[in-house]
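Right, one structure below, let's go through it.
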Amino acid sequence: MLSQKTALPIIPYPNEVVLQAGQFTLSPQTKIVVKNDAFKNDVDIFNDYLEKNYGFKLEITDNIIKTGNFISFSYPDFEAGFYENYHLDINPARIHIVAEGKGAGAFYALQTLIQLIPSQEIKSLKTAPQKTFILPCVSIKDRPSYTWRGMHLDVCRHFFPTSFIKKYIDIIAMYKFNTFHWHLTEDQGWRIEIKKYPKLTSVGAWRNGTMIGKYRDQKYDTIRYGGFYTQEEIKEIVAYASARHITVVPEIEMPGHSLAAIAAYPWLSCTGKKQEVAKGWGVFDDVYCTKDSVFNFLQGVLDEVIALFPGKYIHIGGDECPKTRWKTCANCQKRIKELGLKDEHELQSYFITRMEKYLNSKGKQIIGWDEILEGGLAPNAAVMSWRGTEGGIAAAKQQHFVVMSPGKPCYFDHYQSKDKTKEPLAIGGYNPLDSVYNYNPTPKILTTKESEFIMGAQANVWTEYILNEKQVEYMAVPRLIALSEVLWTQPEYKNFNNFISRLKINRVILDKMNVNYAKHFLKP
Ligand code: ACM
Ligand code: ZN
């Protein structure tokens with residue numbers, strides 16, 4: 001059990017910490033010894049952080065240093081599956097990091113090191129020059145509990161420029177997340193340039209107004225709103241994330257939540273009627289038709305998406321698809337008859353399975369919201385469980401991989417305080433910090449074997465009511481920091497009160513990064 005006195009201000013807390021006697025002095029005289037390029041990129045990001053926040057960089061050398069004050073690395077071949085593990089040893093003369101050469105471990109060790117600086121800063125501000133930091137001697141052996149440690153961002157309801165996407169990635173990288181789920185297409189806007197279908201962005205990225213205030217008031221402004229990422233910008237973000245050991249999972253929604261695409265190309269729907277990009281929130285009846293031309297279109301879109309995102313998973317949405325249009329569409333009904341399907345749910349299953357086949361043929365796996373269970377799960381699909389955990393449990397029992405993301409407590413667009421009058425308008429719900437911290441992604445009902453299909457968890461930041469960058473930060477932080485510990489730290493080392501005391505020190509980092517985090521945890 002973590003004790004208040006001995007815990008270091010590290011989040012997520014490492015899984016093996018042995019405090020030792022003595023101290024290491026980190027200063028501008030400290031050198032970094034890297035013998036080859038294995039960790040050059042990780043070291044550069046560490047050095048950029050020091051320079052940005054403390055005004056100095058460490059000298060990098062490839063000469064072996066016998067004495068003095070230095071940070072060194074070794075990189076044995078770890079077993080496959082241990083690419084995120086690291087050892088961090090701080091001795092009076094030397095900091096030594098052991099990690100797999102191709103993996104994320106060295107990056108994580110350096111994040112841990114960064115987090116050891118602020119407490120010293122708080123204590124020593126008045127007594128020591130700010131460029132010298134006393135670090136405790138310690139031996140840390142660390143590894144994550146889960147392989148999918150995800151944060152999502154909806155850039156469709158409200159749009160955020162690449163500068164903010166990079167900041168978001170910086171924040172989640174600090175807490176050892178490894179997955180950024182980028183929700184790129186929606187009823188209210190299509191946000192990714194597709195060269196084969198230019199109207200997706202020239203038309204689909206823009207709406208002629210936006211719902212303002214509470215949903216029940218049904219009020220709209222008339223301001224043209226939108227934006228999109230060029231393929232060059234997407235590549236830049238994917239590379240930026242990759243340098244921080246984060247995989248970007250793009251979400252291209254189908255068959256529902258597709259009004260922006262239908263506004264661009266009306267023939268994608270069952271009726272072919274002209275539509276507007278949605279201005280309000282909700283679920284819309286016009287969805288992709290199941291005729292062949294729609295599959296050809298989606299394959300063309302996905303060809304370009306595949307070329308941009310090197311990760312294994314493509315998120316195909318699959319949630320909240322009304323069957324209203326399919327029920328009266330000659331093309332869709334013909335499809336049901338020809339395939340001998342029972343109903344429109346089986347038609348949705350056909351849709352997803354057909355797209356899965358295509359993506360599998362290109363070496364990709366699909367992940368979708370838990371509605372993809374309805375009418376039968378596509379053979380290789382992973383499931384993101386959002387309507388509670390039942391979908392995730394059902395999928396794991398069918399030996400499909402699962403990411404847990406239940407509304408309670410993983411929807412960070414929900415309120416974080418009981419007193420809603422003091423909070424910015426949100427979509428509803430109540431997910432306070434401790435509910436996130438105490439979440440266990442592995443349902444007790446699963447057997448040990450079934451539990452192995454739970455890849456991890458993810459929090460979602462839907463932006464209907466989140467209007468700007470500051471508000472994203474307010475809703476996401478510090479709840480994402482609590483989630484990081486859920487995903488990384490073994491339950492026996494977790495303790496909410498201890499987490500809060502570490503967070504009170506750790507927030508120096510958030511202040512330095514100019515993050516507008518919610519401050520409820522500072523109140524007694
Ligand atoms: C969702 O929140 N509709 C996945
Ligand atoms: Zn149709």
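Every chain in the structure tokens has a letter given in the order shown (A, B, ...), and although residue numbers restart at 1 in each chain, ligands are simply numbered from 1 in the order shown.
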
Can you tell me, as a ChimeraX atom specification, what residues are no more than 8 Å from Leu268 in chain A when counting only C-alpha atoms, ignoring any on the same chain fewer than 4 positions away? /A:261-262,272,287-289,293-294

For the selection you just gave me, I'd like the residues written to a file as a PDB file, in the first residue's frame, keeping N, CA, C and O atoms.
```pdb
ATOM      1  N   ALA A 261     -21.093  14.087 -44.961  1.00  0.00           N
ATOM      2  CA  ALA A 261     -20.717  13.443 -46.228  1.00  0.00           C
ATOM      3  C   ALA A 261     -21.900  13.455 -47.194  1.00  0.00           C
ATOM      4  O   ALA A 261     -21.743  13.684 -48.403  1.00  0.00           O
ATOM      5  N   ILE A 262     -23.104  13.241 -46.649  1.00  0.00           N
ATOM      6  CA  ILE A 262     -24.308  13.214 -47.489  1.00  0.00           C
ATOM      7  C   ILE A 262     -24.607  14.614 -48.028  1.00  0.00           C
ATOM      8  O   ILE A 262     -25.038  14.769 -49.176  1.00  0.00           O
ATOM      9  N   GLY A 272     -31.354  10.291 -51.675  1.00  0.00           N
ATOM     10  CA  GLY A 272     -30.652  11.145 -52.640  1.00  0.00           C
ATOM     11  C   GLY A 272     -31.020  12.615 -52.533  1.00  0.00           C
ATOM     12  O   GLY A 272     -30.546  13.454 -53.299  1.00  0.00           O
ATOM     13  N   VAL A 287     -28.711   8.355 -43.356  1.00  0.00           N
ATOM     14  CA  VAL A 287     -27.445   7.642 -43.122  1.00  0.00           C
ATOM     15  C   VAL A 287     -26.990   7.082 -44.468  1.00  0.00           C
ATOM     16  O   VAL A 287     -27.693   7.231 -45.470  1.00  0.00           O
ATOM     17  N   TYR A 288     -25.826   6.442 -44.508  1.00  0.00           N
ATOM     18  CA  TYR A 288     -25.383   5.846 -45.773  1.00  0.00           C
ATOM     19  C   TYR A 288     -26.354   4.749 -46.203  1.00  0.00           C
ATOM     20  O   TYR A 288     -26.783   3.922 -45.375  1.00  0.00           O
ATOM     21  N   CYS A 289     -26.672   4.711 -47.491  1.00  0.00           N
ATOM     22  CA  CYS A 289     -27.443   3.616 -48.081  1.00  0.00           C
ATOM     23  C   CYS A 289     -26.520   2.384 -48.187  1.00  0.00           C
ATOM     24  O   CYS A 289     -25.299   2.501 -48.022  1.00  0.00           O
ATOM     25  N   SER A 293     -22.552   1.545 -54.722  1.00  0.00           N
ATOM     26  CA  SER A 293     -21.803   2.798 -54.941  1.00  0.00           C
ATOM     27  C   SER A 293     -21.315   3.398 -53.621  1.00  0.00           C
ATOM     28  O   SER A 293     -20.265   4.044 -53.575  1.00  0.00           O
ATOM     29  N   VAL A 294     -22.067   3.176 -52.536  1.00  0.00           N
ATOM     30  CA  VAL A 294     -21.640   3.700 -51.230  1.00  0.00           C
ATOM     31  C   VAL A 294     -20.399   2.941 -50.735  1.00  0.00           C
ATOM     32  O   VAL A 294     -19.450   3.543 -50.225  1.00  0.00           O
TER      33      VAL A 294
END
```

Given 12 Å and only C-alpha atoms and all ligand atoms, residues near ligand 2 as a PyMOL selection string: chain A and resi 255+267-272+285-295+322-336+344+347-348+351

Within 9 Å of ligand 1, which residues of chain A show up? Give each one with its shortest atom-to-atom distance in Å (one decimal) and the two atoms involved, counting only C-alpha atoms and all ligand atoms, rows by chain then rising residue number, as a Markdown table.
```
| residue | atom | partner | partner_atom_place_in_ligand_line | distance |
| --- | --- | --- | --- | --- |
| A:His257 | CA | ligand 1 | 3 (N) | 8.9 |
| A:Val283 | CA | ligand 1 | 3 (N) | 8.9 |
| A:Gly317 | CA | ligand 1 | 4 (C) | 7.4 |
| A:Gly318 | CA | ligand 1 | 4 (C) | 8.4 |
| A:Asp319 | CA | ligand 1 | 3 (N) | 5.6 |
| A:Glu320 | CA | ligand 1 | 3 (N) | 6.2 |
| A:Gly368 | CA | ligand 1 | 4 (C) | 8.9 |
| A:Trp369 | CA | ligand 1 | 4 (C) | 5.9 |
| A:Asp370 | CA | ligand 1 | 4 (C) | 8.2 |
| A:Glu371 | CA | ligand 1 | 4 (C) | 9.0 |
| A:Met384 | CA | ligand 1 | 4 (C) | 8.4 |
| A:Ser385 | CA | ligand 1 | 4 (C) | 8.4 |
| A:Trp386 | CA | ligand 1 | 4 (C) | 6.0 |
| A:Arg387 | CA | ligand 1 | 2 (O) | 7.8 |
| A:Ser405 | CA | ligand 1 | 4 (C) | 9.0 |
| A:Gly407 | CA | ligand 1 | 2 (O) | 7.8 |
| A:Tyr411 | CA | ligand 1 | 2 (O) | 8.2 |
| A:Asn460 | CA | ligand 1 | 2 (O) | 7.9 |
| A:Trp462 | CA | ligand 1 | 2 (O) | 7.6 |
```

Hey, can you spit out that residue selection with C-alpha atoms as a PDB file, in the first residue's frame?
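File produced: result-v8.pdb:
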```pdb
ATOM      1  CA  HIS A 257     -23.543  10.108 -38.155  1.00  0.00           C
ATOM      2  CA  VAL A 283     -29.079  11.441 -34.198  1.00  0.00           C
ATOM      3  CA  GLY A 317     -18.036   4.120 -35.750  1.00  0.00           C
ATOM      4  CA  GLY A 318     -21.170   2.001 -36.083  1.00  0.00           C
ATOM      5  CA  ASP A 319     -23.097   3.750 -33.288  1.00  0.00           C
ATOM      6  CA  GLU A 320     -26.563   5.294 -33.336  1.00  0.00           C
ATOM      7  CA  GLY A 368     -16.404   0.032 -33.568  1.00  0.00           C
ATOM      8  CA  TRP A 369     -18.878   1.225 -30.933  1.00  0.00           C
ATOM      9  CA  ASP A 370     -20.825  -1.566 -29.227  1.00  0.00           C
ATOM     10  CA  GLU A 371     -23.828  -1.300 -31.587  1.00  0.00           C
ATOM     11  CA  MET A 384     -15.494  -0.110 -27.859  1.00  0.00           C
ATOM     12  CA  SER A 385     -18.097  -0.417 -25.112  1.00  0.00           C
ATOM     13  CA  TRP A 386     -19.805   2.926 -24.455  1.00  0.00           C
ATOM     14  CA  ARG A 387     -23.424   2.123 -23.503  1.00  0.00           C
ATOM     15  CA  SER A 405     -15.320   3.338 -22.474  1.00  0.00           C
ATOM     16  CA  GLY A 407     -20.462   6.642 -20.182  1.00  0.00           C
ATOM     17  CA  TYR A 411     -17.387  10.344 -20.750  1.00  0.00           C
ATOM     18  CA  ASN A 460     -14.147  10.296 -24.661  1.00  0.00           C
ATOM     19  CA  TRP A 462     -17.393  14.847 -27.192  1.00  0.00           C
TER      20      TRP A 462
END
```

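By chain and then residue number, the residues within 8 Å of Ile169 in chain A are Ile165, Lys166, Lys167, Ile171, Ile172, Ala173, Phe180, Ala241 and Ile246 of chain A, counting only C-alpha atoms and disregarding those fewer than 2 positions away in sequence.
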
Any idea what's packed within 8 Å of range 424-430 of chain A, counting only C-alpha atoms, ignoring anything in its chain fewer than 4 positions away? Could you give it as a ChimeraX atom specification? /A:213-214,408,413-418,420,464-466

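Of note, CA of Lys312 in chain A and CA of Val249 in chain A are spaced 8.3 Å apart.
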
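Nearest-residue note for Gln275 in chain A: choosing from A:Glu84, A:Asp187, A:Glu100, A:Glu390, the minimum distance belongs to A:Asp187, counting only C-alpha atoms.
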
Per-residue nearest contacts of range 306-413 of chain A to range 484-494 of chain A (12 Å; only C-alpha atoms) as a Markdown table:
```
| residue | atom | partner | partner_atom | distance |
| --- | --- | --- | --- | --- |
| A:Val403 | CA | A:Leu487 | CA | 11.4 |
| A:Met404 | CA | A:Leu487 | CA | 10.9 |
| A:Pro409 | CA | A:Val486 | CA | 11.7 |
| A:Cys410 | CA | A:Val486 | CA | 11.4 |
```

Since we have the selection now, will you write its residues out, keeping all heavy atoms, as an mmCIF file, in the first residue's frame?
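Heads up, here's the output in result.cif:
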```cif
data_model
loop_
_atom_site.group_PDB
_atom_site.id
_atom_site.type_symbol
_atom_site.label_atom_id
_atom_site.label_comp_id
_atom_site.auth_asym_id
_atom_site.auth_seq_id
_atom_site.Cartn_x
_atom_site.Cartn_y
_atom_site.Cartn_z
ATOM 1 N N VAL A 403 -12.255 -2.443 -25.852
ATOM 2 C CA VAL A 403 -11.813 -1.257 -25.126
ATOM 3 C C VAL A 403 -13.015 -0.767 -24.332
ATOM 4 O O VAL A 403 -14.082 -0.533 -24.892
ATOM 5 C CB VAL A 403 -11.321 -0.147 -26.077
ATOM 6 C CG1 VAL A 403 -10.990 1.124 -25.302
ATOM 7 C CG2 VAL A 403 -10.107 -0.622 -26.870
ATOM 8 N N MET A 404 -12.853 -0.636 -23.035
ATOM 9 C CA MET A 404 -13.941 -0.168 -22.188
ATOM 10 C C MET A 404 -13.980 1.359 -22.192
ATOM 11 O O MET A 404 -12.957 2.012 -21.962
ATOM 12 C CB MET A 404 -13.751 -0.680 -20.756
ATOM 13 C CG MET A 404 -14.118 -2.140 -20.610
ATOM 14 S SD MET A 404 -15.884 -2.386 -20.980
ATOM 15 C CE MET A 404 -16.079 -4.095 -20.492
ATOM 16 N N PRO A 409 -17.557 5.835 -15.964
ATOM 17 C CA PRO A 409 -17.146 7.227 -15.748
ATOM 18 C C PRO A 409 -16.291 7.779 -16.884
ATOM 19 O O PRO A 409 -15.570 8.747 -16.679
ATOM 20 C CB PRO A 409 -16.279 7.087 -14.499
ATOM 21 C CG PRO A 409 -15.537 5.790 -14.748
ATOM 22 C CD PRO A 409 -16.480 4.907 -15.549
ATOM 23 N N CYS A 410 -16.377 7.209 -18.094
ATOM 24 C CA CYS A 410 -15.381 7.534 -19.130
ATOM 25 C C CYS A 410 -15.818 8.622 -20.109
ATOM 26 O O CYS A 410 -15.096 8.909 -21.052
ATOM 27 C CB CYS A 410 -14.991 6.271 -19.894
ATOM 28 S SG CYS A 410 -14.016 5.129 -18.897
#
```

Report the residues of range 272-478 of chain A whose backbone DSSP state falls under strand (DSSP E or B), written as an NGL selection string. :A and (288 or 313-317 or 365-369 or 382-385 or 402-404 or 411 or 415 or 430 or 454-460)

Would you list the contacts of Lys397 in chain A as a compact mmCIF listing (two decimals) with N, CA and C atoms, in the first residue's frame, taking every protein, DNA or RNA residue within 10 Å and counting only C-alpha atoms, but skipping same-chain residues closer than 6 positions in sequence?
```txt
# COMPACT_ATOMS: atom_id res chain seq x y z
N GLY A 391 -21.85 -4.47 -23.61
CA GLY A 391 -21.34 -4.76 -24.95
C GLY A 391 -19.92 -5.31 -24.88
N LEU A 446 -16.16 -11.52 -15.75
CA LEU A 446 -15.37 -12.25 -16.76
C LEU A 446 -14.41 -13.24 -16.11
N THR A 447 -14.20 -14.38 -16.77
CA THR A 447 -13.18 -15.32 -16.31
C THR A 447 -11.80 -14.73 -16.63
N LYS A 449 -9.54 -15.96 -18.47
CA LYS A 449 -9.29 -16.10 -19.92
C LYS A 449 -10.02 -15.01 -20.71
N GLU A 450 -11.29 -14.78 -20.34
CA GLU A 450 -12.07 -13.74 -21.03
C GLU A 450 -11.49 -12.34 -20.77
N SER A 451 -10.96 -12.15 -19.56
CA SER A 451 -10.41 -10.84 -19.19
C SER A 451 -9.24 -10.43 -20.08
N PHE A 453 -9.15 -10.39 -23.07
CA PHE A 453 -9.62 -9.65 -24.24
C PHE A 453 -9.88 -8.17 -23.94
```

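The smallest atom-to-atom distance between Ile454 in chain A and any of A:Arg94, A:Lys279, A:Arg149, A:Lys52, using only C-alpha atoms, is found for A:Arg149.
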
Using DSSP secondary structure from the backbone, list all helix (DSSP H, G or I) positions within range 101-222 of chain A, as a ChimeraX atom specification. /A:105-115,117-124,162-174,199-202,215-217
